[in-house]
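**Q** What follows is a structure written as structure tokens; I'll ask about it next.
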Amino acid sequence: MTTLQEVRARFARDQGLPFADALTERHIREALDHHGVQYRDRLFNPSTTIWGFLSQVLSEDHSCRDTVSRIIAHRAAAGLPVGSAHTTSYCNARARLPTGVLRTLAKRTAQQLQDSLPQAWKWQGRSVFIVDGSHVSMPDTEANQARYPQPTVQKPGLGFPLARVVVLLSLASGACHDLAIAPYAGKGTGETTLVRELYDTLAPGDVVLADALFDNYFIAWELRQRGLELVARVQAERVGTRTVASRPAGDSIVWQRPNKPRGMTGAQYRSYPASLTMRQVSVDARDSNHRVERFQVITTMLDAAIDGGQIGQLYERRWDGEVDLRSIKSTMQMDILRCKTPAMVEKEIWAHLLAYNLLRTVMAVAAVENDVEPRALSFKGAKQTLNAFAPKLEAAPPEQRLGLVDALLKALAYHRVGNQPGRWEPRARKRRPKPGNRLMQPRRIAKLARNRPKWF
């Protein structure tokens with residue numbers, strides 16, 4: 001098993017493009033072999049393309065031209081042939097790269113990090129994963145609209161394609177272990193449907209932490225059948241629920257199987273038991289400003305050794321998942337994607353998650369060296385620090401890398417998440433947007449000669 005100390009040693013030993021130390025060429029070749037990818041030895045081989053893709057999603061520019069310029073600068077500094085500054089070769093190399101390779105690398109990076117975490121960072125010695133959903137936007141192209149249609153409430157040609165994503169996030173490290181993606185609306189695109197695609201990523205004994213949307217009889221039973229535990233907020237009082245025992249650690253209740261959902265066959269419905277024993281805990285999360293009311297948490301964990309207070313404290317940490325999603329979408333700028341085809345959109349998403357997981361790995365190394373938990377470190381501060389150090393690490397001779405890595409980890413650990421209990425900010429912007437017309441027809445129609453006078 002790889003330890004965080006071994007990862008830290010690679011930082012000081014390896015040389016290359018950003019993350020060549022955490023994501024070695026051997027790991028990339030293993031993923032390529034796993035997917036049976038054959039390639040020629042050229043300037044933009046899979047390793048260079050992946051490293052370039054990672055630097056692209058981490059940069060503030062996000063353009064292919066900026067990425068190609070960075071690769072040329074790296075090769076020139078290493079005394080290698082630089083090639084053309086045109087972006088065509090790099091874009092073609094990205095298109096040749098299978099999505100499965102990026103997905104495999106992202107998932108393996110997250111799992112390797114989870115396996116190397118100190119036991120003290122885990123909850124009750126268990127791995128806890130937060131399930132949450134969101135959506136991402138992408139360019140308004142015919143291909144994207146066909147695969148991920150815009151919301152039906154928007155007029156054709158005025159909206160942007162939307163995709164729904166459901167992620168599986170480690171509570172201890174913040175790494176993203178898996179993702180399911182589907183159109184924003186339509187049959188089989190809900191979060192409770194997509195989460196079933198993530199079951200195989202989990203191992204028996206793991207705990208799934210979710211919001212009230214997953215207060216679901218069928219999901220609770222499916223997880224229990226796999227040896228997994230569920231902790232979720234109670235959405236509403238269930239008809240027919242019986243309390244069989246009341247204890248300070250929580251009430252033992254019996255759920256009655258609800259009516260058959262639309263879309264589920266009779267045979268599938270009968271495969272679920274007529275009743276399910278659960279545990280319900282009352283959580284008092286009110287602060288000094290009384291912004292949060294008392295609420296109920298449901299769980300499949302019936303072990304009396306875990307008291308209700310521990311379960312309530314665990315659920316209150318579910319908000320960490322919301323912060324992680326903000327880091328992925330806002331700090332990593334994945335909320336508005338740039339690729340113009342569905343295939344490239346999915347690659348762009350997995351490239352973001354791979355870079356995110358690698359950055360979480362660096363944060364974990366910094367945390368263990370400074371005797372703090374990864375959640376205490378600022379993700380945005382870590383991203384800014386790494387981007388500042390990356391060019392220096394690439395250009396540094398081997399004898400200077402150790403000092404740079406020490407400085408990187410120390411600077412990264414300096415940026416902590418502030419503790420501001422009771423903080424409240426209005427969800428509004430004071431700065432007004434610049435005046436300008438809003439495009440109220442498809443761009444290709446607005447560009448026609450007869451329509452141009454409307455948009456001057």
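To be explicit about the labels: the chains of the structure tokens are called A, B, and onward in the order shown, and within each one the residues are counted from 1, while ligands get numbers from 1 in the order they are shown.
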Got a sec: who's within 12 Å of Arg233 (chain A), counting only C-alpha atoms, leaving out chain neighbours fewer than 2 positions off, as an MDAnalysis selection string?
**A** chainID A and resid 208:216 230:231 235:237 279:283 294:299 311:312 314:316 318
**Q** Return as a ChimeraX atom specification the full set of residues in region 23-197 of chain A whose backbone-based DSSP assignment is strand (DSSP E or B).
**A** /A:123,126,128-137,162-170,176-183
**Q** Could you write out that same residue set with N, CA, C and O atoms as an mmCIF file, in the first residue's frame?
**A**
```cif
data_model
loop_
_atom_site.group_PDB
_atom_site.id
_atom_site.type_symbol
_atom_site.label_atom_id
_atom_site.label_comp_id
_atom_site.auth_asym_id
_atom_site.auth_seq_id
_atom_site.Cartn_x
_atom_site.Cartn_y
_atom_site.Cartn_z
ATOM 1 N N TRP A 123 -13.893 7.966 10.228
ATOM 2 C CA TRP A 123 -14.941 8.030 11.244
ATOM 3 C C TRP A 123 -15.177 6.633 11.797
ATOM 4 O O TRP A 123 -15.572 5.721 11.065
ATOM 5 N N ARG A 126 -14.138 3.752 9.885
ATOM 6 C CA ARG A 126 -14.819 3.450 8.622
ATOM 7 C C ARG A 126 -14.570 4.529 7.587
ATOM 8 O O ARG A 126 -14.339 5.688 7.924
ATOM 9 N N VAL A 128 -16.183 6.929 5.051
ATOM 10 C CA VAL A 128 -17.480 7.577 4.847
ATOM 11 C C VAL A 128 -17.432 8.329 3.516
ATOM 12 O O VAL A 128 -16.462 9.038 3.232
ATOM 13 N N PHE A 129 -18.479 8.171 2.720
ATOM 14 C CA PHE A 129 -18.545 8.822 1.413
ATOM 15 C C PHE A 129 -19.824 9.655 1.325
ATOM 16 O O PHE A 129 -20.915 9.162 1.626
ATOM 17 N N ILE A 130 -19.664 10.887 0.902
ATOM 18 C CA ILE A 130 -20.795 11.798 0.731
ATOM 19 C C ILE A 130 -21.314 11.681 -0.694
ATOM 20 O O ILE A 130 -20.538 11.760 -1.649
ATOM 21 N N VAL A 131 -22.612 11.482 -0.822
ATOM 22 C CA VAL A 131 -23.260 11.456 -2.138
ATOM 23 C C VAL A 131 -23.988 12.769 -2.331
ATOM 24 O O VAL A 131 -24.760 13.191 -1.466
ATOM 25 N N ASP A 132 -23.736 13.423 -3.443
ATOM 26 C CA ASP A 132 -24.433 14.680 -3.724
ATOM 27 C C ASP A 132 -24.508 14.867 -5.228
ATOM 28 O O ASP A 132 -23.740 14.269 -5.994
ATOM 29 N N GLY A 133 -25.437 15.705 -5.636
ATOM 30 C CA GLY A 133 -25.643 15.943 -7.057
ATOM 31 C C GLY A 133 -25.589 17.416 -7.390
ATOM 32 O O GLY A 133 -25.773 18.289 -6.544
ATOM 33 N N SER A 134 -25.325 17.694 -8.668
ATOM 34 C CA SER A 134 -25.289 19.065 -9.167
ATOM 35 C C SER A 134 -25.482 19.007 -10.682
ATOM 36 O O SER A 134 -25.883 17.970 -11.229
ATOM 37 N N HIS A 135 -25.182 20.105 -11.345
ATOM 38 C CA HIS A 135 -25.282 20.123 -12.805
ATOM 39 C C HIS A 135 -24.181 20.994 -13.374
ATOM 40 O O HIS A 135 -23.621 21.851 -12.690
ATOM 41 N N VAL A 136 -23.844 20.746 -14.637
ATOM 42 C CA VAL A 136 -22.822 21.526 -15.336
ATOM 43 C C VAL A 136 -23.381 21.970 -16.684
ATOM 44 O O VAL A 136 -24.213 21.289 -17.282
ATOM 45 N N SER A 137 -22.905 23.117 -17.135
ATOM 46 C CA SER A 137 -23.326 23.680 -18.420
ATOM 47 C C SER A 137 -22.203 23.494 -19.440
ATOM 48 O O SER A 137 -21.047 23.277 -19.068
ATOM 49 N N LEU A 162 -27.418 21.178 -20.475
ATOM 50 C CA LEU A 162 -27.138 20.915 -19.066
ATOM 51 C C LEU A 162 -27.008 19.420 -18.838
ATOM 52 O O LEU A 162 -27.787 18.633 -19.396
ATOM 53 N N ALA A 163 -26.050 19.050 -18.008
ATOM 54 C CA ALA A 163 -25.883 17.652 -17.610
ATOM 55 C C ALA A 163 -25.983 17.563 -16.095
ATOM 56 O O ALA A 163 -25.487 18.435 -15.380
ATOM 57 N N ARG A 164 -26.646 16.522 -15.623
ATOM 58 C CA ARG A 164 -26.725 16.272 -14.185
ATOM 59 C C ARG A 164 -25.579 15.335 -13.800
ATOM 60 O O ARG A 164 -25.305 14.347 -14.499
ATOM 61 N N VAL A 165 -24.926 15.637 -12.693
ATOM 62 C CA VAL A 165 -23.835 14.783 -12.204
ATOM 63 C C VAL A 165 -24.101 14.433 -10.749
ATOM 64 O O VAL A 165 -24.627 15.239 -9.983
ATOM 65 N N VAL A 166 -23.760 13.215 -10.396
ATOM 66 C CA VAL A 166 -23.802 12.748 -9.007
ATOM 67 C C VAL A 166 -22.406 12.242 -8.662
ATOM 68 O O VAL A 166 -21.826 11.449 -9.408
ATOM 69 N N VAL A 167 -21.867 12.723 -7.553
ATOM 70 C CA VAL A 167 -20.486 12.409 -7.188
ATOM 71 C C VAL A 167 -20.435 11.665 -5.868
ATOM 72 O O VAL A 167 -21.345 11.756 -5.036
ATOM 73 N N LEU A 168 -19.349 10.917 -5.689
ATOM 74 C CA LEU A 168 -19.078 10.169 -4.467
ATOM 75 C C LEU A 168 -17.788 10.723 -3.880
ATOM 76 O O LEU A 168 -16.707 10.545 -4.450
ATOM 77 N N LEU A 169 -17.893 11.433 -2.755
ATOM 78 C CA LEU A 169 -16.771 12.178 -2.181
ATOM 79 C C LEU A 169 -16.348 11.570 -0.850
ATOM 80 O O LEU A 169 -17.192 11.218 -0.023
ATOM 81 N N SER A 170 -15.045 11.463 -0.647
ATOM 82 C CA SER A 170 -14.524 10.960 0.625
ATOM 83 C C SER A 170 -14.675 12.027 1.699
ATOM 84 O O SER A 170 -14.247 13.167 1.517
ATOM 85 N N CYS A 176 -12.763 12.793 -4.962
ATOM 86 C CA CYS A 176 -13.943 12.300 -5.672
ATOM 87 C C CYS A 176 -13.649 10.892 -6.181
ATOM 88 O O CYS A 176 -12.777 10.701 -7.025
ATOM 89 N N HIS A 177 -14.378 9.901 -5.679
ATOM 90 C CA HIS A 177 -14.111 8.503 -6.011
ATOM 91 C C HIS A 177 -14.853 8.023 -7.242
ATOM 92 O O HIS A 177 -14.438 7.045 -7.857
ATOM 93 N N ASP A 178 -15.932 8.662 -7.600
ATOM 94 C CA ASP A 178 -16.658 8.248 -8.801
ATOM 95 C C ASP A 178 -17.673 9.322 -9.145
ATOM 96 O O ASP A 178 -17.993 10.197 -8.317
ATOM 97 N N LEU A 179 -18.182 9.236 -10.376
ATOM 98 C CA LEU A 179 -19.159 10.207 -10.868
ATOM 99 C C LEU A 179 -20.066 9.527 -11.870
ATOM 100 O O LEU A 179 -19.620 8.690 -12.663
ATOM 101 N N ALA A 180 -21.349 9.862 -11.820
ATOM 102 C CA ALA A 180 -22.320 9.426 -12.825
ATOM 103 C C ALA A 180 -22.897 10.664 -13.484
ATOM 104 O O ALA A 180 -23.152 11.676 -12.820
ATOM 105 N N ILE A 181 -23.103 10.594 -14.787
ATOM 106 C CA ILE A 181 -23.569 11.756 -15.544
ATOM 107 C C ILE A 181 -24.738 11.349 -16.427
ATOM 108 O O ILE A 181 -24.794 10.229 -16.937
ATOM 109 N N ALA A 182 -25.697 12.255 -16.578
ATOM 110 C CA ALA A 182 -26.891 12.005 -17.381
ATOM 111 C C ALA A 182 -27.465 13.350 -17.811
ATOM 112 O O ALA A 182 -27.063 14.401 -17.291
ATOM 113 N N PRO A 183 -28.393 13.359 -18.761
ATOM 114 C CA PRO A 183 -29.088 14.604 -19.089
ATOM 115 C C PRO A 183 -29.764 15.200 -17.858
ATOM 116 O O PRO A 183 -30.082 14.490 -16.899
#
```
**Q** Go ahead and compute the interatomic distance for CA of Asp66 (chain A) and CA of His27 (chain A), in Å to one decimal.
**A**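 Straight-line distance from CA of Asp66 (chain A) to CA of His27 (chain A) works out to 25.6 Å.
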**Q** What's around Thr361 (chain A) at 8 Å? Count only C-alpha atoms, leave out sequence neighbours fewer than 3 positions away in its own chain, and write the answer as a VMD selection string.
**A** chain A and resid 22 113 357 to 358 364 to 365
**Q** Using only C-alpha atoms, which protein or nucleic acid residues come within 12 Å of Lys122 (chain A)? Drop anything in the same chain fewer than 2 positions from it, and give the result as a list in words.
**A**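 The filter keeps Gln114, Asp115, Ser116, Leu117, Pro118, Gln119, Ala120, Gln124, Gly125, Arg126, Ser127, Val128, Phe129, Ser170, Leu171, Ala172, Ser173, Gly174, Asp206, Val207, Leu314, Glu373, Pro374 and Arg375 of chain A.
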**Q** Just the number, please: distance in Å from CA of His35 (chain A) to CA of Thr341 (chain A), one decimal.
**A**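 About the pair CA of His35 (chain A) and CA of Thr341 (chain A): they are 21.8 Å apart.
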**Q** Write out as a list in words which residues come within 10 Å of Ser89 (chain A) when counting only C-alpha atoms, dropping same-chain ones fewer than 3 positions away.
**A**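 Selected residues are Leu43, Phe44, Thr49, Val68, Gly83, Ser84, Ala85, His86, Asn92, Ala93, Arg94 and Ala95 of chain A.
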**Q** Nearest residue to Pro46 (chain A) out of A:Asp307, A:Asp140, A:Asp33, A:Asp284, using only C-alpha atoms?
**A**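 Nearest candidate to Pro46 (chain A) out of A:Asp307, A:Asp140, A:Asp33, A:Asp284: A:Asp33.
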**Q** DSSP on the backbone, helix (DSSP H, G or I) only: what residues of region 116-352 of chain A does that give? Format it as number ranges by chain.
**A** A: 116, 119-121, 142-147, 191-201, 212-214, 217-225, 266-270, 308-316, 319-331, 342-352
**Q** Can you tell me, as number ranges by chain, what residues are no more than 9 Å from Val101 (chain A) when counting only C-alpha atoms, ignoring any on the same chain fewer than 5 positions away?
**A** A: 28, 31-32, 34-35, 37, 106
**Q** Write to file, as a PDB file, in the first residue's frame, the residues of the selection just made, with N, CA and C atoms.
**A**
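Wrote again22.pdb, looks like this:
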```pdb
ATOM      1  N   ILE A  28       0.174   5.919 -15.817  1.00  0.00           N
ATOM      2  CA  ILE A  28      -0.554   6.210 -17.056  1.00  0.00           C
ATOM      3  C   ILE A  28      -0.481   5.022 -18.001  1.00  0.00           C
ATOM      4  N   ALA A  31      -2.865   2.287 -17.011  1.00  0.00           N
ATOM      5  CA  ALA A  31      -4.251   2.589 -17.399  1.00  0.00           C
ATOM      6  C   ALA A  31      -4.449   2.399 -18.903  1.00  0.00           C
ATOM      7  N   LEU A  32      -3.448   2.782 -19.695  1.00  0.00           N
ATOM      8  CA  LEU A  32      -3.542   2.585 -21.147  1.00  0.00           C
ATOM      9  C   LEU A  32      -3.597   1.103 -21.486  1.00  0.00           C
ATOM     10  N   HIS A  34      -4.639  -1.264 -19.530  1.00  0.00           N
ATOM     11  CA  HIS A  34      -5.917  -1.784 -19.029  1.00  0.00           C
ATOM     12  C   HIS A  34      -7.019  -1.603 -20.061  1.00  0.00           C
ATOM     13  N   HIS A  35      -6.965  -0.509 -20.796  1.00  0.00           N
ATOM     14  CA  HIS A  35      -7.994  -0.230 -21.809  1.00  0.00           C
ATOM     15  C   HIS A  35      -7.542  -0.628 -23.214  1.00  0.00           C
ATOM     16  N   VAL A  37      -5.079   0.427 -25.151  1.00  0.00           N
ATOM     17  CA  VAL A  37      -4.782   1.562 -26.018  1.00  0.00           C
ATOM     18  C   VAL A  37      -3.400   1.379 -26.646  1.00  0.00           C
ATOM     19  N   ALA A 106      -8.465   8.777 -12.463  1.00  0.00           N
ATOM     20  CA  ALA A 106      -9.100   9.573 -11.409  1.00  0.00           C
ATOM     21  C   ALA A 106      -9.550   8.681 -10.253  1.00  0.00           C
TER      22      ALA A 106
END
```
**Q** Go through A:Ala343, A:Val368, A:Leu386, A:Ile445 one by one, measure the shortest atom-to-atom distance of each to Ser55 (chain A) using only C-alpha atoms, and give the residue with the smallest value.
**A** A:Leu386
**Q** For Trp350 (chain A), which residue among A:Met334, A:Gln310, A:Phe389, A:Gly159 is the nearest when counting only C-alpha atoms?
**A** A:Met334
**Q** Would you work out the distance separating CA of Glu369 (chain A) from CA of Lys410 (chain A), expressed in Å to one decimal?
**A** 8.7 Å
